[in-house]
>>> print(open('work-v9.tsv').read())   # TSV, C-alpha atoms
chain	number	residue	atom	x	y	z
H	1	MET	CA	0.00	0.00	0.00
H	2	THR	CA	1.20	3.47	-0.85
H	3	GLN	CA	-0.07	6.54	0.91
H	4	TYR	CA	0.68	10.22	0.97
H	5	HIS	CA	-0.07	12.80	3.65
H	6	TYR	CA	-0.56	16.36	2.42
H	7	TYR	CA	0.03	19.29	4.76
H	8	TRP	CA	-0.87	22.95	4.26
H	9	GLY	CA	-0.98	26.19	6.20
H	10	GLU	CA	-0.31	29.91	6.15
H	11	ALA	CA	3.45	29.33	6.67
H	12	PHE	CA	5.81	26.34	6.78
H	13	ASP	CA	6.02	26.51	10.57
H	14	GLU	CA	2.20	26.34	10.78
H	15	LEU	CA	1.51	23.33	8.56
H	16	GLN	CA	-1.30	20.98	9.49
H	17	LEU	CA	-2.48	17.74	7.97
H	18	ALA	CA	-4.93	18.52	5.19
H	19	PHE	CA	-5.68	15.06	3.75
H	20	HIS	CA	-4.26	11.70	2.79
H	21	ILE	CA	-4.41	9.54	-0.32
H	22	ARG	CA	-4.12	5.75	0.08
H	23	SER	CA	-3.74	3.36	-2.83
H	24	ALA	CA	-5.94	0.90	-0.92
H	25	ASP	CA	-8.88	3.32	-1.32
H	26	TYR	CA	-8.84	3.02	-5.14
H	27	ALA	CA	-9.90	0.11	-7.33
H	28	THR	CA	-6.97	0.46	-9.73
H	29	GLU	CA	-3.47	1.90	-9.77
H	30	GLN	CA	-4.61	4.27	-12.54
H	31	GLU	CA	-7.39	5.70	-10.32
H	32	PHE	CA	-4.88	6.13	-7.50
H	33	GLU	CA	-2.38	7.89	-9.77
H	34	ALA	CA	-5.14	10.16	-11.14
H	35	ALA	CA	-6.11	11.15	-7.58
H	36	VAL	CA	-2.47	11.89	-6.74
H	37	ASP	CA	-2.12	14.00	-9.90
H	38	GLU	CA	-5.31	15.90	-9.05
H	39	ALA	CA	-4.16	16.54	-5.47
H	40	GLU	CA	-0.72	17.65	-6.64
H	41	ALA	CA	-2.28	20.12	-9.09
H	42	PHE	CA	-4.62	21.41	-6.38
H	43	MET	CA	-1.78	21.93	-3.89
H	44	ASP	CA	0.47	23.71	-6.40
H	45	GLY	CA	0.97	27.27	-5.19
H	46	PHE	CA	0.08	26.57	-1.54
H	47	VAL	CA	2.46	26.61	1.37
H	48	GLY	CA	2.61	22.90	2.04
H	49	GLU	CA	4.43	19.62	1.77
H	50	VAL	CA	3.82	15.95	1.08
H	51	GLU	CA	5.06	12.92	3.00
H	52	SER	CA	4.97	9.44	1.57
H	53	GLY	CA	4.66	6.32	3.58
H	54	PRO	CA	3.05	4.03	5.07
H	55	PHE	CA	3.13	5.76	8.42
H	56	ASN	CA	1.29	3.38	10.75
H	57	PHE	CA	2.18	-0.28	11.16
H	58	ASP	CA	0.65	-3.22	12.96
H	59	ALA	CA	2.58	-5.49	15.35
H	60	ASP	CA	3.94	-7.49	12.39
H	61	GLY	CA	5.20	-4.40	10.57
H	62	ARG	CA	2.45	-4.34	7.95
H	63	PRO	CA	1.01	-0.93	6.95
H	64	VAL	CA	-2.40	-0.07	8.38
H	65	ALA	CA	-4.83	2.83	8.02
H	66	ALA	CA	-3.75	6.41	7.47
H	67	ARG	CA	-3.49	8.73	10.45
H	68	ALA	CA	-6.70	8.84	12.42
H	69	ASP	CA	-6.76	12.65	12.42
H	70	GLY	CA	-6.68	12.88	8.63
H	71	MET	CA	-9.37	12.75	6.00
H	72	SER	CA	-9.31	11.29	2.53
H	73	TRP	CA	-8.70	13.39	-0.57
H	74	ALA	CA	-12.33	12.78	-1.65
H	75	THR	CA	-13.69	14.05	1.68
H	76	PHE	CA	-11.29	17.00	1.72
H	77	ARG	CA	-12.40	17.98	-1.80
H	78	GLN	CA	-16.05	17.98	-0.73
H	79	ILE	CA	-15.38	20.18	2.31
H	80	TYR	CA	-12.63	22.56	1.18
H	81	VAL	CA	-13.13	23.04	-2.54
H	82	GLU	CA	-15.99	25.26	-3.63
H	83	ASP	CA	-16.54	25.93	-7.33
H	84	GLY	CA	-12.91	24.96	-7.91
H	85	ALA	CA	-11.66	27.51	-5.35
H	86	PRO	CA	-9.91	26.25	-2.21
H	87	THR	CA	-10.62	27.48	1.28
H	88	PRO	CA	-9.51	28.52	3.90
H	89	PHE	CA	-5.82	29.06	3.02
H	90	LYS	CA	-4.35	31.54	0.56
H	91	ARG	CA	-2.13	30.66	-2.35
H	92	ARG	CA	1.47	31.89	-2.39
H	93	ARG	CA	2.00	34.93	-4.55
>>> encode(input="work-v9.tsv", output="structure tokens")
Amino acid sequence: MTQYHYYWGEAFDELQLAFHIRSADYATEQEFEAAVDEAEAFMDGFVGEVESGPFNFDADGRPVAARADGMSWATFRQIYVEDGAPTPFKRRR
């Protein structure tokens, strides 16, 4: 399983987890890659960063669910994207 955590904020020292994308949430690798491409395009111009992982492991070292405090890219899009415009953070100039 591949997953990415996307962080954004007003400044690099104020970043917070925005959303995650997990390959396990998509039926095909192509759907996963399309979601990553869409998220990357959305985040372009924001103060932010991306971490790749898995980040959480079970007792046997296998990857498990994304961070509990994060939301999926699909959920994030529904909440924070309105008519193609992101809220609440401003793009870098």
>>> closest_residue(input="work-v9.tsv", among="H:Ala27, H:Ala11, H:Met1, H:Ile21", to="Val50 in chain H", atoms="only C-alpha atoms")
H:Ile21
>>> closest_residue(input="work-v9.tsv", among="H:Phe46, H:Tyr80, H:Trp73, H:Tyr26", to="Trp8 in chain H", atoms="all atoms listed in the file")
H:Phe46
>>> closest_residue(input="work-v9.tsv", among="H:Asp60, H:Ile79, H:Gln3, H:Ala74", to="Glu38 in chain H", atoms="only C-alpha atoms")
H:Ala74
>>> closest_residue(input="work-v9.tsv", among="H:Tyr6, H:Ser23, H:Asp13, H:Asp44", to="Phe76 in chain H", atoms="all atoms listed in the file")
H:Tyr6
>>> closest_residue(input="work-v9.tsv", among="H:Val36, H:Gly48, H:Phe42, H:Leu17", to="Val81 in chain H", atoms="all atoms listed in the file")
H:Phe42
>>> closest_residue(input="work-v9.tsv", among="H:Asp37, H:Met43, H:Phe12, H:Met71", to="Asp25 in chain H", atoms="only C-alpha atoms")
H:Met71
>>> residues_around(input="work-v9.tsv", residues="Ser72 in chain H", least_positions_apart="3", cutoff="10 Å", atoms="all atoms listed in the file", output="PyMOL selection string")
chain H and resi 5+18-22+25+66+75-77
>>> axis_aligned_box(input="work-v9.tsv", around="range 18-21 of chain H", padding_each_side="5 Å", output="lines of an AutoDock Vina configuration file")
center_x = -5.0
center_y = 14.0
center_z = 2.4
size_x = 11.4
size_y = 19.0
size_z = 15.5
>>> atom_distance(input="work-v9.tsv", atom1="CA of Gly9 in chain H", atom2="CA of Val47 in chain H")
5.9 Å
>>> atom_distance(input="work-v9.tsv", atom1="CA of Gly45 in chain H", atom2="CA of Thr2 in chain H")
24.2 Å
>>> atom_distance(input="work-v9.tsv", atom1="CA of Gln78 in chain H", atom2="CA of Glu31 in chain H")
17.8 Å
